[in-house]
>>> print(open('my_file08.pdb').read())   # PDB, C-alpha atoms, pLDDT in the B column
ATOM      1  CA  MET F   1     -21.617 -22.491  27.228  1.00 38.00           C
ATOM      2  CA  SER F   2     -19.989 -25.645  28.522  1.00 39.00           C
ATOM      3  CA  SER F   3     -20.612 -29.162  27.294  1.00 39.00           C
ATOM      4  CA  ALA F   4     -24.352 -29.737  26.762  1.00 39.00           C
ATOM      5  CA  ALA F   5     -24.015 -33.417  27.685  1.00 41.00           C
ATOM      6  CA  ALA F   6     -22.918 -32.571  31.220  1.00 42.00           C
ATOM      7  CA  SER F   7     -25.530 -29.877  31.842  1.00 40.00           C
ATOM      8  CA  SER F   8     -29.185 -29.952  32.793  1.00 42.00           C
ATOM      9  CA  PRO F   9     -31.906 -28.921  30.291  1.00 46.00           C
ATOM     10  CA  ALA F  10     -32.189 -25.523  32.039  1.00 46.00           C
ATOM     11  CA  ASP F  11     -28.445 -24.953  31.573  1.00 46.00           C
ATOM     12  CA  ARG F  12     -28.692 -25.715  27.834  1.00 54.00           C
ATOM     13  CA  ARG F  13     -31.226 -22.946  27.221  1.00 62.00           C
ATOM     14  CA  LYS F  14     -30.086 -20.302  24.774  1.00 79.00           C
ATOM     15  CA  TYR F  15     -31.497 -17.424  26.876  1.00 82.00           C
ATOM     16  CA  GLU F  16     -31.634 -16.761  30.607  1.00 80.00           C
ATOM     17  CA  ARG F  17     -35.075 -17.594  32.010  1.00 82.00           C
ATOM     18  CA  ILE F  18     -36.691 -15.950  35.036  1.00 84.00           C
ATOM     19  CA  LYS F  19     -39.621 -17.205  37.064  1.00 84.00           C
ATOM     20  CA  LEU F  20     -42.595 -14.870  37.270  1.00 80.00           C
ATOM     21  CA  PHE F  21     -46.251 -14.962  38.112  1.00 77.00           C
ATOM     22  CA  LEU F  22     -47.544 -12.019  36.102  1.00 80.00           C
ATOM     23  CA  PRO F  23     -50.947 -11.510  34.484  1.00 82.00           C
ATOM     24  CA  GLY F  24     -50.964 -11.856  30.736  1.00 85.00           C
ATOM     25  CA  GLN F  25     -53.284 -12.252  27.809  1.00 88.00           C
ATOM     26  CA  LEU F  26     -53.044 -14.579  24.827  1.00 90.00           C
ATOM     27  CA  PHE F  27     -54.607 -13.516  21.547  1.00 90.00           C
ATOM     28  CA  ASN F  28     -55.270 -15.706  18.518  1.00 89.00           C
ATOM     29  CA  PRO F  29     -55.359 -13.356  15.489  1.00 85.00           C
ATOM     30  CA  ILE F  30     -57.019 -15.996  13.284  1.00 86.00           C
ATOM     31  CA  ASN F  31     -60.307 -16.157  15.202  1.00 86.00           C
ATOM     32  CA  GLU F  32     -59.758 -13.113  17.469  1.00 79.00           C
ATOM     33  CA  GLN F  33     -60.000 -15.363  20.545  1.00 83.00           C
ATOM     34  CA  SER F  34     -58.513 -13.830  23.670  1.00 84.00           C
ATOM     35  CA  ALA F  35     -57.654 -15.681  26.891  1.00 86.00           C
ATOM     36  CA  GLU F  36     -56.335 -14.446  30.207  1.00 86.00           C
ATOM     37  CA  CYS F  37     -53.254 -16.255  31.470  1.00 86.00           C
ATOM     38  CA  LYS F  38     -50.483 -16.175  34.058  1.00 88.00           C
ATOM     39  CA  VAL F  39     -46.919 -15.943  32.796  1.00 90.00           C
ATOM     40  CA  LEU F  40     -44.902 -18.492  34.792  1.00 89.00           C
ATOM     41  CA  ASN F  41     -41.490 -17.869  33.295  1.00 90.00           C
ATOM     42  CA  LEU F  42     -39.958 -15.718  30.605  1.00 91.00           C
ATOM     43  CA  SER F  43     -36.817 -15.547  28.496  1.00 92.00           C
ATOM     44  CA  ALA F  44     -35.791 -13.685  25.357  1.00 91.00           C
ATOM     45  CA  GLY F  45     -36.703 -16.849  23.459  1.00 92.00           C
ATOM     46  CA  GLY F  46     -40.152 -17.595  24.855  1.00 93.00           C
ATOM     47  CA  ALA F  47     -42.457 -18.006  27.811  1.00 94.00           C
ATOM     48  CA  ALA F  48     -44.399 -20.588  29.770  1.00 92.00           C
ATOM     49  CA  VAL F  49     -47.946 -19.572  30.625  1.00 93.00           C
ATOM     50  CA  GLN F  50     -50.845 -21.101  32.497  1.00 90.00           C
ATOM     51  CA  CYS F  51     -54.303 -20.724  30.964  1.00 88.00           C
ATOM     52  CA  ASP F  52     -57.644 -22.481  30.873  1.00 86.00           C
ATOM     53  CA  VAL F  53     -57.960 -22.356  27.067  1.00 86.00           C
ATOM     54  CA  GLN F  54     -56.357 -25.132  25.021  1.00 85.00           C
ATOM     55  CA  PHE F  55     -54.347 -24.081  21.945  1.00 86.00           C
ATOM     56  CA  PRO F  56     -52.903 -26.605  19.476  1.00 87.00           C
ATOM     57  CA  THR F  57     -49.155 -26.980  18.898  1.00 89.00           C
ATOM     58  CA  GLY F  58     -47.830 -24.862  16.031  1.00 92.00           C
ATOM     59  CA  LEU F  59     -50.408 -22.078  16.403  1.00 92.00           C
ATOM     60  CA  SER F  60     -49.224 -18.456  16.086  1.00 93.00           C
ATOM     61  CA  LEU F  61     -50.371 -16.381  19.068  1.00 93.00           C
ATOM     62  CA  VAL F  62     -49.708 -12.941  20.517  1.00 91.00           C
ATOM     63  CA  LEU F  63     -48.817 -12.797  24.215  1.00 92.00           C
ATOM     64  CA  TYR F  64     -49.263  -9.543  26.114  1.00 88.00           C
ATOM     65  CA  ILE F  65     -47.369  -9.376  29.423  1.00 85.00           C
ATOM     66  CA  GLU F  66     -48.043  -6.544  31.860  1.00 73.00           C
ATOM     67  CA  ASN F  67     -45.074  -4.102  31.809  1.00 73.00           C
ATOM     68  CA  PHE F  68     -43.213  -6.129  29.158  1.00 81.00           C
ATOM     69  CA  GLY F  69     -45.362  -5.645  26.057  1.00 83.00           C
ATOM     70  CA  ARG F  70     -46.553  -7.819  23.174  1.00 86.00           C
ATOM     71  CA  PHE F  71     -44.745 -10.809  21.730  1.00 91.00           C
ATOM     72  CA  GLU F  72     -45.665 -12.955  18.753  1.00 92.00           C
ATOM     73  CA  GLY F  73     -44.831 -16.611  19.030  1.00 94.00           C
ATOM     74  CA  THR F  74     -45.706 -20.181  18.205  1.00 95.00           C
ATOM     75  CA  THR F  75     -47.101 -22.753  20.613  1.00 93.00           C
ATOM     76  CA  ILE F  76     -44.691 -25.640  21.038  1.00 90.00           C
ATOM     77  CA  VAL F  77     -46.375 -27.677  23.764  1.00 81.00           C
ATOM     78  CA  HIS F  78     -49.579 -27.479  25.799  1.00 75.00           C
ATOM     79  CA  LYS F  79     -50.320 -29.848  28.636  1.00 75.00           C
ATOM     80  CA  ASN F  80     -51.543 -29.786  32.228  1.00 75.00           C
ATOM     81  CA  GLY F  81     -52.861 -26.242  31.813  1.00 73.00           C
ATOM     82  CA  GLN F  82     -49.431 -24.924  30.779  1.00 87.00           C
ATOM     83  CA  LEU F  83     -48.481 -23.605  27.372  1.00 90.00           C
ATOM     84  CA  ALA F  84     -44.948 -23.066  26.077  1.00 92.00           C
ATOM     85  CA  LEU F  85     -44.592 -20.307  23.525  1.00 93.00           C
ATOM     86  CA  GLU F  86     -41.509 -19.766  21.349  1.00 94.00           C
ATOM     87  CA  PHE F  87     -41.156 -16.108  20.383  1.00 94.00           C
ATOM     88  CA  ALA F  88     -40.778 -15.042  16.755  1.00 93.00           C
ATOM     89  CA  ILE F  89     -39.276 -11.593  17.332  1.00 90.00           C
ATOM     90  CA  GLY F  90     -36.492  -9.570  15.775  1.00 88.00           C
ATOM     91  CA  GLU F  91     -33.068  -9.196  17.339  1.00 90.00           C
ATOM     92  CA  SER F  92     -33.641  -5.581  18.438  1.00 88.00           C
ATOM     93  CA  LYS F  93     -36.825  -6.533  20.293  1.00 87.00           C
ATOM     94  CA  ARG F  94     -35.068  -9.606  21.718  1.00 89.00           C
ATOM     95  CA  GLY F  95     -32.244  -7.371  22.988  1.00 88.00           C
ATOM     96  CA  ARG F  96     -34.747  -5.003  24.599  1.00 86.00           C
ATOM     97  CA  LEU F  97     -36.516  -7.988  26.223  1.00 87.00           C
ATOM     98  CA  LYS F  98     -33.203  -9.246  27.627  1.00 87.00           C
ATOM     99  CA  GLU F  99     -32.637  -5.824  29.193  1.00 84.00           C
ATOM    100  CA  MET F 100     -36.197  -5.738  30.558  1.00 83.00           C
ATOM    101  CA  ILE F 101     -35.719  -9.171  32.126  1.00 83.00           C
ATOM    102  CA  ARG F 102     -32.508  -7.974  33.819  1.00 81.00           C
ATOM    103  CA  THR F 103     -34.300  -4.832  35.029  1.00 77.00           C
ATOM    104  CA  PHE F 104     -37.231  -6.871  36.336  1.00 75.00           C
ATOM    105  CA  ALA F 105     -34.916  -9.323  38.111  1.00 73.00           C
ATOM    106  CA  ALA F 106     -33.201  -6.354  39.790  1.00 68.00           C
ATOM    107  CA  GLY F 107     -36.599  -5.064  40.979  1.00 62.00           C
ATOM    108  CA  ASN F 108     -36.595  -1.839  38.917  1.00 52.00           C
ATOM    109  CA  LEU F 109     -40.127  -2.062  37.438  1.00 50.00           C
ATOM    110  CA  ALA F 110     -40.452   1.687  36.896  1.00 50.00           C
ATOM    111  CA  ASP F 111     -37.494   1.578  34.464  1.00 48.00           C
ATOM    112  CA  MET F 112     -39.133  -1.024  32.198  1.00 49.00           C
ATOM    113  CA  ARG F 113     -41.535   1.165  30.227  1.00 52.00           C
ATOM    114  CA  LYS F 114     -40.270   2.773  27.028  1.00 54.00           C
ATOM    115  CA  THR F 115     -42.162   5.959  27.852  1.00 53.00           C
ATOM    116  CA  GLU F 116     -43.512   7.348  31.103  1.00 57.00           C
ATOM    117  CA  ARG F 117     -47.236   6.999  31.796  1.00 59.00           C
ATOM    118  CA  VAL F 118     -49.014  10.025  33.180  1.00 62.00           C
ATOM    119  CA  PRO F 119     -52.235   9.595  35.186  1.00 61.00           C
ATOM    120  CA  SER F 120     -55.206  11.452  33.766  1.00 67.00           C
ATOM    121  CA  LEU F 121     -58.897  11.865  34.512  1.00 65.00           C
ATOM    122  CA  VAL F 122     -60.089  13.358  31.221  1.00 77.00           C
ATOM    123  CA  SER F 123     -63.433  12.262  29.748  1.00 84.00           C
ATOM    124  CA  GLY F 124     -64.008  11.880  26.046  1.00 86.00           C
ATOM    125  CA  SER F 125     -64.953   9.326  23.433  1.00 91.00           C
ATOM    126  CA  ILE F 126     -63.459   6.948  20.915  1.00 93.00           C
ATOM    127  CA  THR F 127     -64.849   5.971  17.537  1.00 94.00           C
ATOM    128  CA  ARG F 128     -64.933   2.315  16.521  1.00 94.00           C
ATOM    129  CA  GLU F 129     -64.337   1.053  12.978  1.00 91.00           C
ATOM    130  CA  ASN F 130     -68.122   0.783  12.466  1.00 94.00           C
ATOM    131  CA  GLY F 131     -68.588   4.465  13.419  1.00 94.00           C
ATOM    132  CA  GLU F 132     -69.982   3.780  16.899  1.00 95.00           C
ATOM    133  CA  GLN F 133     -69.001   6.419  19.476  1.00 94.00           C
ATOM    134  CA  ILE F 134     -68.012   5.097  22.921  1.00 93.00           C
ATOM    135  CA  ALA F 135     -67.802   7.314  25.987  1.00 92.00           C
ATOM    136  CA  CYS F 136     -64.607   6.829  28.004  1.00 91.00           C
ATOM    137  CA  ASP F 137     -62.360   8.238  30.710  1.00 89.00           C
ATOM    138  CA  VAL F 138     -58.594   8.409  30.153  1.00 88.00           C
ATOM    139  CA  LEU F 139     -56.899   6.626  33.077  1.00 85.00           C
ATOM    140  CA  ASP F 140     -53.323   7.194  31.943  1.00 83.00           C
ATOM    141  CA  ILE F 141     -51.536   8.245  28.813  1.00 84.00           C
ATOM    142  CA  SER F 142     -48.030   7.923  27.340  1.00 80.00           C
ATOM    143  CA  LEU F 143     -46.301   8.544  24.022  1.00 79.00           C
ATOM    144  CA  ASP F 144     -47.084   4.911  23.073  1.00 79.00           C
ATOM    145  CA  GLY F 145     -50.719   4.570  24.096  1.00 84.00           C
ATOM    146  CA  VAL F 146     -53.540   5.138  26.516  1.00 88.00           C
ATOM    147  CA  SER F 147     -55.568   3.224  29.116  1.00 87.00           C
ATOM    148  CA  LEU F 148     -59.294   3.941  28.950  1.00 91.00           C
ATOM    149  CA  ARG F 149     -62.159   3.254  31.339  1.00 90.00           C
ATOM    150  CA  THR F 150     -65.188   2.237  29.296  1.00 92.00           C
ATOM    151  CA  ARG F 151     -68.096  -0.184  29.582  1.00 91.00           C
ATOM    152  CA  CYS F 152     -67.913  -1.194  25.915  1.00 91.00           C
ATOM    153  CA  ARG F 153     -64.796  -3.187  25.075  1.00 90.00           C
ATOM    154  CA  PRO F 154     -64.000  -3.456  21.359  1.00 91.00           C
ATOM    155  CA  PRO F 155     -62.190  -6.709  20.515  1.00 88.00           C
ATOM    156  CA  VAL F 156     -58.406  -6.921  20.821  1.00 84.00           C
ATOM    157  CA  GLY F 157     -56.899  -5.924  17.481  1.00 83.00           C
ATOM    158  CA  GLU F 158     -59.629  -3.452  16.462  1.00 88.00           C
ATOM    159  CA  ILE F 159     -58.460  -0.020  15.287  1.00 90.00           C
ATOM    160  CA  VAL F 160     -60.188   2.895  17.045  1.00 94.00           C
ATOM    161  CA  ASN F 161     -59.960   6.665  16.637  1.00 92.00           C
ATOM    162  CA  LEU F 162     -59.131   8.879  19.597  1.00 89.00           C
ATOM    163  CA  GLY F 163     -59.786  12.272  18.047  1.00 84.00           C
ATOM    164  CA  ARG F 164     -57.295  12.466  15.159  1.00 84.00           C
ATOM    165  CA  THR F 165     -55.129   9.676  16.560  1.00 87.00           C
ATOM    166  CA  ARG F 166     -55.606   6.036  15.592  1.00 89.00           C
ATOM    167  CA  GLY F 167     -54.833   3.169  17.922  1.00 89.00           C
ATOM    168  CA  ARG F 168     -55.171  -0.594  18.204  1.00 87.00           C
ATOM    169  CA  VAL F 169     -56.910  -2.230  21.166  1.00 88.00           C
ATOM    170  CA  VAL F 170     -54.125  -4.376  22.650  1.00 83.00           C
ATOM    171  CA  ARG F 171     -55.814  -5.738  25.757  1.00 82.00           C
ATOM    172  CA  HIS F 172     -58.865  -5.613  27.983  1.00 85.00           C
ATOM    173  CA  LEU F 173     -58.489  -4.153  31.462  1.00 81.00           C
ATOM    174  CA  THR F 174     -60.695  -4.692  34.504  1.00 81.00           C
ATOM    175  CA  GLU F 175     -62.410  -1.362  33.822  1.00 86.00           C
ATOM    176  CA  GLY F 176     -61.828  -0.870  30.102  1.00 89.00           C
ATOM    177  CA  ILE F 177     -59.189  -1.190  27.390  1.00 90.00           C
ATOM    178  CA  ALA F 178     -55.553  -0.413  26.592  1.00 87.00           C
ATOM    179  CA  VAL F 179     -54.889   1.186  23.221  1.00 89.00           C
ATOM    180  CA  GLN F 180     -51.500   1.359  21.505  1.00 85.00           C
ATOM    181  CA  TYR F 181     -51.080   4.158  18.964  1.00 85.00           C
ATOM    182  CA  VAL F 182     -50.487   3.045  15.376  1.00 81.00           C
ATOM    183  CA  LYS F 183     -48.739   4.727  12.480  1.00 69.00           C
ATOM    184  CA  GLU F 184     -50.501   3.746   9.300  1.00 56.00           C
ATOM    185  CA  ILE F 185     -48.843   3.847   5.888  1.00 49.00           C
ATOM    186  CA  GLY F 186     -52.069   2.959   4.116  1.00 47.00           C
ATOM    187  CA  ARG F 187     -55.513   2.034   5.297  1.00 46.00           C
ATOM    188  CA  ALA F 188     -55.841  -1.697   6.043  1.00 45.00           C
ATOM    189  CA  ALA F 189     -58.623  -3.607   4.293  1.00 42.00           C
TER     190      ALA F 189
END
>>> encode(input="my_file08.pdb", output="structure tokens")
Amino acid sequence: MSSAAASSPADRRKYERIKLFLPGQLFNPINEQSAECKVLNLSAGGAAVQCDVQFPTGLSLVLYIENFGRFEGTTIVHKNGQLALEFAIGESKRGRLKEMIRTFAAGNLADMRKTERVPSLVSGSITRENGEQIACDVLDISLDGVSLRTRCRPPVGEIVNLGRTRGRVVRHLTEGIAVQYVKEIGRAA
């Protein structure tokens, strides 16, 4: 980069930032609070979001962005309904995010998913951690997860069983939930 003194704050950013207006969801793992938001801009280093819920500076949150995935980060400022989040992600995930941002900017949304989603209209059930069975319809499925139509929505973060497969609820949908498959080394307490 050129001299920081002669450039604007946007020019001094470490990562290229794109403007968006995509639906997202913020999740506070401490109290399991979830809040819908709009992602206003995104870079490999962080995001600016608009939400009605106030979060204090320095709080660790998880941001889910439609088609981009989940990103852990720390709140750095929150004012006027806007929250800035600095991502705490590894270099491989940061590199993938950079590529996704370039793909999005070029208008190639279908190329952004790691694995293809296949529409499905299969009915079945999931089992919650407490043993409760929930009827559901599979809306779409991929190698990474599944979108389910269901009236009962377990909280974001809960582990559920889909037959012999375990998954984590990663977000609430209009009609149900999205579940990301998990590979467990040992059972969590």
>>> atom_distance(input="my_file08.pdb", atom1="CA of Gln33 (chain F)", atom2="CA of Pro56 (chain F)")
13.3 Å
>>> atom_distance(input="my_file08.pdb", atom1="CA of Thr74 (chain F)", atom2="CA of Val146 (chain F)")
27.8 Å
>>> closest_residue(input="my_file08.pdb", among="F:Val62, F:Ile89, F:Ala35, F:Ile18", to="Thr103 (chain F)", atoms="all atoms listed in the file")
F:Ile18
>>> closest_residue(input="my_file08.pdb", among="F:Asp137, F:Asp144, F:Asp52, F:Glu158", to="Gly124 (chain F)", atoms="only C-alpha atoms")
F:Asp137
>>> closest_residue(input="my_file08.pdb", among="F:Gln180, F:Thr57, F:Gln50, F:Asn80", to="Gly145 (chain F)", atoms="only C-alpha atoms")
F:Gln180
>>> atom_distance(input="my_file08.pdb", atom1="CA of Val169 (chain F)", atom2="CA of Leu148 (chain F)")
10.2 Å
